[in-house]
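Novice: For reference, this is protein06.txt, and it has compact mmCIF, N, CA and C atoms.
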```txt
# COMPACT_ATOMS: atom_id res chain seq x y z
N GLY U 1 20.90 31.71 -92.90
CA GLY U 1 20.53 32.37 -91.73
C GLY U 1 21.47 32.20 -90.59
N GLY U 2 21.61 33.31 -89.98
CA GLY U 2 22.52 33.32 -88.85
C GLY U 2 21.81 33.25 -87.53
N SER U 3 21.18 32.07 -87.23
CA SER U 3 20.49 31.97 -85.93
C SER U 3 21.50 31.77 -84.82
N ALA U 4 21.22 32.39 -83.66
CA ALA U 4 22.16 32.30 -82.54
C ALA U 4 22.03 30.91 -81.89
N ALA U 5 23.11 30.43 -81.34
CA ALA U 5 23.08 29.12 -80.63
C ALA U 5 22.15 29.24 -79.43
N PRO U 6 21.34 28.19 -79.18
CA PRO U 6 20.42 28.29 -78.02
C PRO U 6 21.21 28.45 -76.73
N GLU U 7 20.65 29.27 -75.83
CA GLU U 7 21.35 29.48 -74.55
C GLU U 7 21.22 28.22 -73.70
N ALA U 8 22.19 27.97 -72.85
CA ALA U 8 22.13 26.81 -71.95
C ALA U 8 20.89 26.97 -71.06
N ALA U 9 20.17 25.88 -70.87
CA ALA U 9 18.95 25.93 -70.03
C ALA U 9 19.34 26.37 -68.63
N GLU U 10 18.51 27.26 -68.06
CA GLU U 10 18.83 27.72 -66.71
C GLU U 10 18.54 26.61 -65.71
N GLU U 11 19.46 26.46 -64.73
CA GLU U 11 19.23 25.45 -63.69
C GLU U 11 18.18 26.00 -62.75
N PRO U 12 17.23 25.11 -62.32
CA PRO U 12 16.24 25.60 -61.37
C PRO U 12 16.94 26.05 -60.09
N GLU U 13 16.36 27.05 -59.45
CA GLU U 13 17.00 27.57 -58.25
C GLU U 13 16.84 26.54 -57.12
N MET U 14 17.93 26.15 -56.50
CA MET U 14 17.90 25.16 -55.42
C MET U 14 17.90 25.91 -54.09
N ALA U 15 17.21 25.33 -53.12
CA ALA U 15 17.26 25.93 -51.80
C ALA U 15 18.69 25.76 -51.30
N PRO U 16 19.19 26.74 -50.59
CA PRO U 16 20.57 26.58 -50.11
C PRO U 16 20.63 25.35 -49.18
N GLU U 17 21.68 24.57 -49.30
CA GLU U 17 21.80 23.36 -48.47
C GLU U 17 21.88 23.77 -47.01
N LYS U 18 21.23 22.94 -46.18
CA LYS U 18 21.31 23.22 -44.74
C LYS U 18 22.73 22.99 -44.28
N GLY U 19 23.13 23.82 -43.39
CA GLY U 19 24.45 23.62 -42.82
C GLY U 19 24.39 22.47 -41.82
N ALA U 20 25.49 21.83 -41.58
CA ALA U 20 25.55 20.71 -40.63
C ALA U 20 25.05 21.16 -39.26
N LEU U 21 25.42 22.36 -38.85
CA LEU U 21 25.03 22.86 -37.54
C LEU U 21 23.51 22.95 -37.42
N GLU U 22 22.85 23.47 -38.48
CA GLU U 22 21.41 23.62 -38.47
C GLU U 22 20.72 22.24 -38.36
N THR U 23 21.24 21.25 -39.10
CA THR U 23 20.70 19.90 -39.06
C THR U 23 20.81 19.31 -37.65
N VAL U 24 21.97 19.50 -37.04
CA VAL U 24 22.20 19.00 -35.69
C VAL U 24 21.25 19.68 -34.70
N MET U 25 21.07 21.00 -34.86
CA MET U 25 20.18 21.74 -33.97
C MET U 25 18.74 21.22 -34.06
N GLU U 26 18.27 20.98 -35.30
CA GLU U 26 16.90 20.48 -35.49
C GLU U 26 16.75 19.09 -34.87
N ALA U 27 17.73 18.25 -35.10
CA ALA U 27 17.68 16.89 -34.54
C ALA U 27 17.67 16.95 -33.02
N SER U 28 18.47 17.83 -32.47
CA SER U 28 18.55 17.99 -31.03
C SER U 28 17.21 18.46 -30.45
N ALA U 29 16.57 19.40 -31.14
CA ALA U 29 15.28 19.91 -30.68
C ALA U 29 14.23 18.80 -30.73
N ALA U 30 14.24 18.00 -31.81
CA ALA U 30 13.28 16.90 -31.93
C ALA U 30 13.51 15.87 -30.83
N GLN U 31 14.78 15.59 -30.54
CA GLN U 31 15.12 14.62 -29.51
C GLN U 31 14.68 15.13 -28.14
N SER U 32 14.87 16.40 -27.91
CA SER U 32 14.48 17.00 -26.65
C SER U 32 12.96 16.91 -26.46
N GLU U 33 12.22 17.19 -27.55
CA GLU U 33 10.76 17.10 -27.51
C GLU U 33 10.32 15.67 -27.20
N ALA U 34 10.95 14.70 -27.87
CA ALA U 34 10.61 13.30 -27.65
C ALA U 34 10.92 12.89 -26.22
N SER U 35 12.07 13.32 -25.70
CA SER U 35 12.45 13.02 -24.32
C SER U 35 11.44 13.55 -23.34
N SER U 36 10.99 14.77 -23.58
CA SER U 36 10.06 15.37 -22.65
C SER U 36 8.69 14.67 -22.74
N ALA U 37 8.30 14.25 -23.95
CA ALA U 37 7.04 13.50 -24.09
C ALA U 37 7.14 12.15 -23.37
N LEU U 38 8.29 11.49 -23.49
CA LEU U 38 8.50 10.21 -22.79
C LEU U 38 8.45 10.40 -21.28
N ALA U 39 9.08 11.46 -20.79
CA ALA U 39 9.08 11.73 -19.35
C ALA U 39 7.65 11.96 -18.86
N GLU U 40 6.85 12.73 -19.63
CA GLU U 40 5.46 12.96 -19.25
C GLU U 40 4.67 11.65 -19.22
N ALA U 41 4.88 10.81 -20.23
CA ALA U 41 4.18 9.51 -20.28
C ALA U 41 4.58 8.65 -19.10
N ALA U 42 5.87 8.63 -18.76
CA ALA U 42 6.35 7.83 -17.63
C ALA U 42 5.73 8.32 -16.32
N ASP U 43 5.66 9.65 -16.16
CA ASP U 43 5.05 10.20 -14.95
C ASP U 43 3.57 9.82 -14.86
N ALA U 44 2.86 9.90 -15.99
CA ALA U 44 1.44 9.56 -16.00
C ALA U 44 1.25 8.08 -15.67
N LEU U 45 2.13 7.23 -16.23
CA LEU U 45 2.05 5.79 -15.95
C LEU U 45 2.30 5.52 -14.48
N ALA U 46 3.31 6.17 -13.91
CA ALA U 46 3.62 5.98 -12.49
C ALA U 46 2.43 6.38 -11.63
N GLU U 47 1.76 7.49 -12.00
CA GLU U 47 0.57 7.91 -11.26
C GLU U 47 -0.53 6.85 -11.32
N GLU U 48 -0.76 6.31 -12.53
CA GLU U 48 -1.79 5.27 -12.71
C GLU U 48 -1.43 4.03 -11.90
N GLU U 49 -0.15 3.64 -11.94
CA GLU U 49 0.29 2.46 -11.18
C GLU U 49 0.09 2.68 -9.68
N GLN U 50 0.39 3.91 -9.21
CA GLN U 50 0.23 4.21 -7.79
C GLN U 50 -1.25 4.11 -7.40
N LYS U 51 -2.14 4.65 -8.26
CA LYS U 51 -3.58 4.58 -7.99
C LYS U 51 -4.03 3.12 -7.93
N LEU U 52 -3.57 2.31 -8.90
CA LEU U 52 -3.95 0.90 -8.94
C LEU U 52 -3.46 0.18 -7.69
N ALA U 53 -2.21 0.44 -7.31
CA ALA U 53 -1.65 -0.19 -6.11
C ALA U 53 -2.52 0.14 -4.89
N GLU U 54 -2.91 1.43 -4.77
CA GLU U 54 -3.74 1.84 -3.64
C GLU U 54 -5.10 1.18 -3.68
N GLN U 55 -5.70 1.10 -4.88
CA GLN U 55 -7.01 0.45 -5.01
C GLN U 55 -6.96 -1.02 -4.60
N LEU U 56 -5.79 -1.63 -4.82
CA LEU U 56 -5.63 -3.04 -4.47
C LEU U 56 -5.14 -3.22 -3.03
N GLY U 57 -5.06 -2.11 -2.30
CA GLY U 57 -4.66 -2.19 -0.90
C GLY U 57 -3.16 -2.41 -0.72
N MET U 58 -2.37 -2.01 -1.69
CA MET U 58 -0.92 -2.19 -1.60
C MET U 58 -0.28 -0.86 -1.24
N ASP U 59 0.91 -0.95 -0.64
CA ASP U 59 1.59 0.26 -0.17
C ASP U 59 2.43 0.94 -1.25
N SER U 60 2.85 0.19 -2.27
CA SER U 60 3.77 0.79 -3.23
C SER U 60 3.62 0.17 -4.61
N ILE U 61 4.18 0.87 -5.59
CA ILE U 61 4.20 0.35 -6.96
C ILE U 61 5.05 -0.92 -6.98
N GLU U 62 6.11 -0.95 -6.18
CA GLU U 62 6.98 -2.13 -6.13
C GLU U 62 6.19 -3.37 -5.70
N GLU U 63 5.33 -3.18 -4.70
CA GLU U 63 4.49 -4.29 -4.22
C GLU U 63 3.57 -4.77 -5.35
N LEU U 64 3.02 -3.82 -6.11
CA LEU U 64 2.16 -4.15 -7.25
C LEU U 64 2.95 -4.93 -8.30
N GLU U 65 4.16 -4.44 -8.63
CA GLU U 65 5.00 -5.12 -9.63
C GLU U 65 5.35 -6.53 -9.18
N ASN U 66 5.65 -6.72 -7.89
CA ASN U 66 5.96 -8.05 -7.37
C ASN U 66 4.75 -8.99 -7.49
N ALA U 67 3.55 -8.44 -7.25
CA ALA U 67 2.33 -9.24 -7.36
C ALA U 67 2.10 -9.66 -8.81
N ILE U 68 2.31 -8.73 -9.74
CA ILE U 68 2.15 -9.04 -11.16
C ILE U 68 3.16 -10.09 -11.58
N ASP U 69 4.42 -9.92 -11.14
CA ASP U 69 5.45 -10.92 -11.45
C ASP U 69 5.07 -12.29 -10.90
N ALA U 70 4.56 -12.31 -9.67
CA ALA U 70 4.19 -13.59 -9.04
C ALA U 70 3.12 -14.30 -9.86
N MET U 71 2.18 -13.51 -10.42
CA MET U 71 1.13 -14.12 -11.25
C MET U 71 1.73 -14.74 -12.50
N GLU U 72 2.89 -14.23 -12.93
CA GLU U 72 3.56 -14.76 -14.12
C GLU U 72 4.64 -15.77 -13.76
N GLY U 73 4.71 -16.15 -12.45
CA GLY U 73 5.68 -17.16 -12.03
C GLY U 73 7.09 -16.64 -11.84
N ILE U 74 7.23 -15.31 -11.67
CA ILE U 74 8.56 -14.72 -11.48
C ILE U 74 8.72 -14.32 -10.02
N ASP U 75 9.79 -14.82 -9.38
CA ASP U 75 10.05 -14.50 -7.97
C ASP U 75 10.63 -13.09 -7.84
N THR U 76 10.65 -12.56 -6.61
CA THR U 76 11.15 -11.19 -6.40
C THR U 76 12.61 -11.05 -6.80
N ASP U 77 13.37 -12.16 -6.79
CA ASP U 77 14.78 -12.08 -7.20
C ASP U 77 14.95 -12.24 -8.71
N GLY U 78 13.81 -12.33 -9.44
CA GLY U 78 13.88 -12.46 -10.89
C GLY U 78 13.90 -13.90 -11.37
N GLY U 79 14.11 -14.84 -10.45
CA GLY U 79 14.10 -16.26 -10.82
C GLY U 79 12.68 -16.79 -10.90
N GLU U 80 12.59 -18.10 -11.16
CA GLU U 80 11.27 -18.72 -11.27
C GLU U 80 10.76 -19.09 -9.87
N ILE U 81 9.47 -18.87 -9.63
CA ILE U 81 8.89 -19.22 -8.34
C ILE U 81 8.74 -20.74 -8.25
N ASP U 82 9.09 -21.30 -7.09
CA ASP U 82 8.90 -22.74 -6.88
C ASP U 82 7.45 -22.95 -6.49
N THR U 83 6.67 -23.50 -7.41
CA THR U 83 5.24 -23.69 -7.16
C THR U 83 4.92 -25.14 -6.80
N SER U 84 5.95 -25.95 -6.55
CA SER U 84 5.70 -27.37 -6.31
C SER U 84 4.80 -27.59 -5.08
N ASP U 85 4.96 -26.77 -4.02
CA ASP U 85 4.12 -26.92 -2.83
C ASP U 85 2.67 -26.60 -3.14
N VAL U 86 2.47 -25.53 -3.90
CA VAL U 86 1.12 -25.12 -4.27
C VAL U 86 0.48 -26.21 -5.14
N ARG U 87 1.25 -26.72 -6.10
CA ARG U 87 0.73 -27.77 -6.99
C ARG U 87 0.39 -29.02 -6.17
N GLU U 88 1.28 -29.40 -5.27
CA GLU U 88 1.06 -30.58 -4.42
C GLU U 88 -0.25 -30.42 -3.63
N ALA U 89 -0.45 -29.24 -3.05
CA ALA U 89 -1.66 -29.00 -2.26
C ALA U 89 -2.91 -29.06 -3.14
N ARG U 90 -2.80 -28.50 -4.34
CA ARG U 90 -3.94 -28.49 -5.27
C ARG U 90 -4.30 -29.91 -5.70
N VAL U 91 -3.29 -30.70 -6.04
CA VAL U 91 -3.53 -32.08 -6.48
C VAL U 91 -4.05 -32.92 -5.32
N ARG U 92 -3.48 -32.70 -4.13
CA ARG U 92 -3.93 -33.45 -2.94
C ARG U 92 -5.40 -33.16 -2.65
N SER U 93 -5.78 -31.88 -2.79
CA SER U 93 -7.17 -31.49 -2.58
C SER U 93 -8.07 -32.18 -3.60
N ALA U 94 -7.63 -32.19 -4.87
CA ALA U 94 -8.41 -32.86 -5.92
C ALA U 94 -8.51 -34.36 -5.62
N TYR U 95 -7.44 -34.95 -5.08
CA TYR U 95 -7.44 -36.38 -4.75
C TYR U 95 -8.48 -36.68 -3.67
N LEU U 96 -8.52 -35.83 -2.63
CA LEU U 96 -9.49 -36.06 -1.55
C LEU U 96 -10.93 -35.90 -2.07
N ASP U 97 -11.16 -34.89 -2.93
CA ASP U 97 -12.49 -34.72 -3.52
C ASP U 97 -12.85 -35.94 -4.37
N TRP U 98 -11.87 -36.42 -5.14
CA TRP U 98 -12.09 -37.57 -6.02
C TRP U 98 -12.42 -38.82 -5.19
N CYS U 99 -11.70 -39.02 -4.08
CA CYS U 99 -11.95 -40.16 -3.20
C CYS U 99 -13.39 -40.11 -2.67
N LYS U 100 -13.82 -38.92 -2.22
CA LYS U 100 -15.20 -38.76 -1.73
C LYS U 100 -16.18 -39.10 -2.83
N GLU U 101 -15.96 -38.53 -4.03
CA GLU U 101 -16.88 -38.73 -5.14
C GLU U 101 -17.04 -40.20 -5.50
N TYR U 102 -15.94 -40.97 -5.44
CA TYR U 102 -16.01 -42.39 -5.84
C TYR U 102 -16.02 -43.34 -4.65
N GLY U 103 -16.25 -42.80 -3.44
CA GLY U 103 -16.36 -43.63 -2.24
C GLY U 103 -15.11 -44.45 -1.96
N LYS U 104 -13.95 -43.88 -2.19
CA LYS U 104 -12.70 -44.60 -1.92
C LYS U 104 -12.01 -44.00 -0.70
N GLN U 105 -11.25 -44.82 0.00
CA GLN U 105 -10.44 -44.34 1.12
C GLN U 105 -9.16 -43.73 0.57
N PRO U 106 -8.82 -42.50 1.01
CA PRO U 106 -7.53 -41.95 0.56
C PRO U 106 -6.39 -42.91 0.94
N ASP U 107 -5.51 -43.16 0.01
CA ASP U 107 -4.42 -44.12 0.22
C ASP U 107 -3.12 -43.49 -0.26
N GLU U 108 -2.24 -43.23 0.70
CA GLU U 108 -0.98 -42.53 0.40
C GLU U 108 -0.18 -43.27 -0.68
N SER U 109 -0.28 -44.59 -0.73
CA SER U 109 0.50 -45.35 -1.71
C SER U 109 -0.05 -45.17 -3.13
N ARG U 110 -1.33 -44.74 -3.25
CA ARG U 110 -1.93 -44.55 -4.57
C ARG U 110 -1.87 -43.09 -5.03
N PHE U 111 -1.54 -42.19 -4.10
CA PHE U 111 -1.51 -40.77 -4.44
C PHE U 111 -0.54 -40.43 -5.57
N PRO U 112 0.70 -40.96 -5.56
CA PRO U 112 1.63 -40.60 -6.65
C PRO U 112 1.08 -40.94 -8.04
N THR U 113 0.39 -42.07 -8.18
CA THR U 113 -0.19 -42.44 -9.47
C THR U 113 -1.31 -41.49 -9.82
N PHE U 114 -2.18 -41.18 -8.83
CA PHE U 114 -3.27 -40.23 -9.07
C PHE U 114 -2.67 -38.90 -9.51
N SER U 115 -1.65 -38.43 -8.79
CA SER U 115 -1.03 -37.13 -9.08
C SER U 115 -0.50 -37.09 -10.50
N SER U 116 0.21 -38.13 -10.88
CA SER U 116 0.77 -38.20 -12.23
C SER U 116 -0.34 -38.18 -13.28
N ASN U 117 -1.38 -38.98 -13.08
CA ASN U 117 -2.52 -39.02 -14.01
C ASN U 117 -3.23 -37.66 -14.06
N PHE U 118 -3.45 -37.08 -12.87
CA PHE U 118 -4.16 -35.81 -12.75
C PHE U 118 -3.43 -34.73 -13.55
N LEU U 119 -2.11 -34.61 -13.34
CA LEU U 119 -1.34 -33.56 -14.01
C LEU U 119 -1.30 -33.79 -15.53
N ALA U 120 -1.22 -35.05 -15.95
CA ALA U 120 -1.22 -35.35 -17.38
C ALA U 120 -2.59 -35.00 -18.00
N MET U 121 -3.66 -35.35 -17.31
CA MET U 121 -5.02 -35.05 -17.80
C MET U 121 -5.25 -33.53 -17.84
N GLU U 122 -4.75 -32.85 -16.80
CA GLU U 122 -4.90 -31.40 -16.72
C GLU U 122 -4.20 -30.74 -17.91
N GLU U 123 -2.98 -31.19 -18.21
CA GLU U 123 -2.22 -30.65 -19.34
C GLU U 123 -2.93 -30.93 -20.66
N TYR U 124 -3.44 -32.15 -20.80
CA TYR U 124 -4.17 -32.54 -22.01
C TYR U 124 -5.40 -31.64 -22.20
N ALA U 125 -6.16 -31.46 -21.12
CA ALA U 125 -7.38 -30.64 -21.18
C ALA U 125 -7.03 -29.20 -21.56
N LYS U 126 -5.97 -28.68 -20.97
CA LYS U 126 -5.54 -27.30 -21.23
C LYS U 126 -5.12 -27.14 -22.69
N GLU U 127 -4.32 -28.08 -23.19
CA GLU U 127 -3.83 -28.00 -24.57
C GLU U 127 -4.96 -28.11 -25.58
N ASN U 128 -6.02 -28.83 -25.22
CA ASN U 128 -7.11 -29.06 -26.17
C ASN U 128 -8.34 -28.21 -25.88
N GLY U 129 -8.21 -27.28 -24.95
CA GLY U 129 -9.32 -26.38 -24.63
C GLY U 129 -10.55 -27.11 -24.13
N ARG U 130 -10.33 -28.15 -23.35
CA ARG U 130 -11.45 -28.93 -22.81
C ARG U 130 -11.47 -28.87 -21.30
N GLU U 131 -12.61 -29.25 -20.75
CA GLU U 131 -12.72 -29.33 -19.30
C GLU U 131 -12.17 -30.69 -18.88
N MET U 132 -11.42 -30.70 -17.78
CA MET U 132 -10.86 -31.97 -17.32
C MET U 132 -11.94 -32.76 -16.58
N VAL U 133 -12.05 -34.02 -16.94
CA VAL U 133 -13.01 -34.91 -16.27
C VAL U 133 -12.25 -36.14 -15.79
N LEU U 134 -12.35 -36.43 -14.50
CA LEU U 134 -11.70 -37.62 -13.94
C LEU U 134 -12.74 -38.72 -13.80
N ASN U 135 -12.35 -39.95 -14.15
CA ASN U 135 -13.26 -41.07 -13.93
C ASN U 135 -12.75 -41.90 -12.75
N LYS U 136 -13.39 -43.04 -12.51
CA LYS U 136 -13.03 -43.86 -11.33
C LYS U 136 -11.65 -44.50 -11.44
N TYR U 137 -11.04 -44.42 -12.61
CA TYR U 137 -9.71 -45.03 -12.80
C TYR U 137 -8.56 -44.05 -12.61
N ALA U 138 -8.84 -42.87 -12.09
CA ALA U 138 -7.82 -41.82 -12.00
C ALA U 138 -6.62 -42.20 -11.13
N ASP U 139 -6.75 -43.21 -10.26
CA ASP U 139 -5.60 -43.60 -9.43
C ASP U 139 -4.96 -44.90 -9.92
N CYS U 140 -5.32 -45.32 -11.13
CA CYS U 140 -4.80 -46.59 -11.66
C CYS U 140 -3.59 -46.37 -12.56
N THR U 141 -2.67 -47.33 -12.47
CA THR U 141 -1.55 -47.32 -13.41
C THR U 141 -2.09 -47.88 -14.72
N GLU U 142 -1.34 -47.78 -15.80
CA GLU U 142 -1.80 -48.32 -17.08
C GLU U 142 -2.05 -49.82 -16.97
N GLU U 143 -1.17 -50.53 -16.26
CA GLU U 143 -1.31 -51.98 -16.12
C GLU U 143 -2.62 -52.32 -15.39
N GLU U 144 -2.89 -51.59 -14.30
CA GLU U 144 -4.11 -51.85 -13.53
C GLU U 144 -5.36 -51.55 -14.37
N TYR U 145 -5.27 -50.53 -15.19
CA TYR U 145 -6.42 -50.11 -15.98
C TYR U 145 -6.80 -51.16 -17.02
N ARG U 146 -5.80 -51.84 -17.56
CA ARG U 146 -6.07 -52.82 -18.63
C ARG U 146 -6.83 -54.00 -18.16
```
Can you present the structure in this file as structure tokens?
Specialist:
Amino acid sequence: GGSAAPEAAEEPEMAPEKGALETVMEASAAQSEASSALAEAADALAEEEQKLAEQLGMDSIEELENAIDAMEGIDTDGGEIDTSDVREARVRSAYLDWCKEYGKQPDESRFPTFSSNFLAMEEYAKENGREMVLNKYADCTEEEYR
């Protein structure tokens, strides 16, 4: 028998390859869409920030941003805020309350020890999720306590 050789299998029809220009145009359109969506989101955010600033009695978004930074310990120049005065006042206030509670006379020479103990106890309480409790020995050095 003289059977004919099988014909080569036909290649499936491929979509014509996109030209480089078409690819660039599509990418550009997508980028433009994304840019415009970002711009809209930024405008909406600015509006919300302005409303929040006004609700808080502030004159500008900048004032709001400075207040938020301050809450995070960041100064207006971008550096760290020096909170030593605030901490000193807070510890001094706690010392006076503690003196009243335990019937002691405030004593400037004992304040540094109280302050050191107070800050250490505060840190311990914070790290362990506990409430800080001061006892009558809060102004004692380790030697005095023993």
Novice: Between U:Ala29, U:Leu119, U:Gly78, U:Arg110, single out the one closest to Asp139 of chain U, counting only N, CA and C atoms.
Specialist: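 Closest candidate: U:Arg110.
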Novice: From the list U:Arg146, U:Arg92, U:Lys18, U:Lys126, which residue is nearest Phe111 of chain U when using all atoms listed in the file?
Specialist: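 Distance minimum relative to Phe111 of chain U lands on U:Arg92.
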Novice: Can you tell me, as a list in words, what residues are no more than 7 Å from Pro106 of chain U when counting only N, CA and C atoms, ignoring any on the same chain fewer than 4 positions away?
Specialist: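 The neighbour list is Tyr95, Leu96, Cys99, Lys100 and Arg110 of chain U.
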Novice: Any idea what the distance is between atom C of Val91 of chain U and atom CA of Thr113 of chain U?
Specialist: 11.1 Å
Novice: Please return as a ChimeraX atom specification: the residues of chain U that backbone DSSP assigns to helix (DSSP H, G or I).
Specialist: /U:20-55,61-71,84-101,111-127,142-145
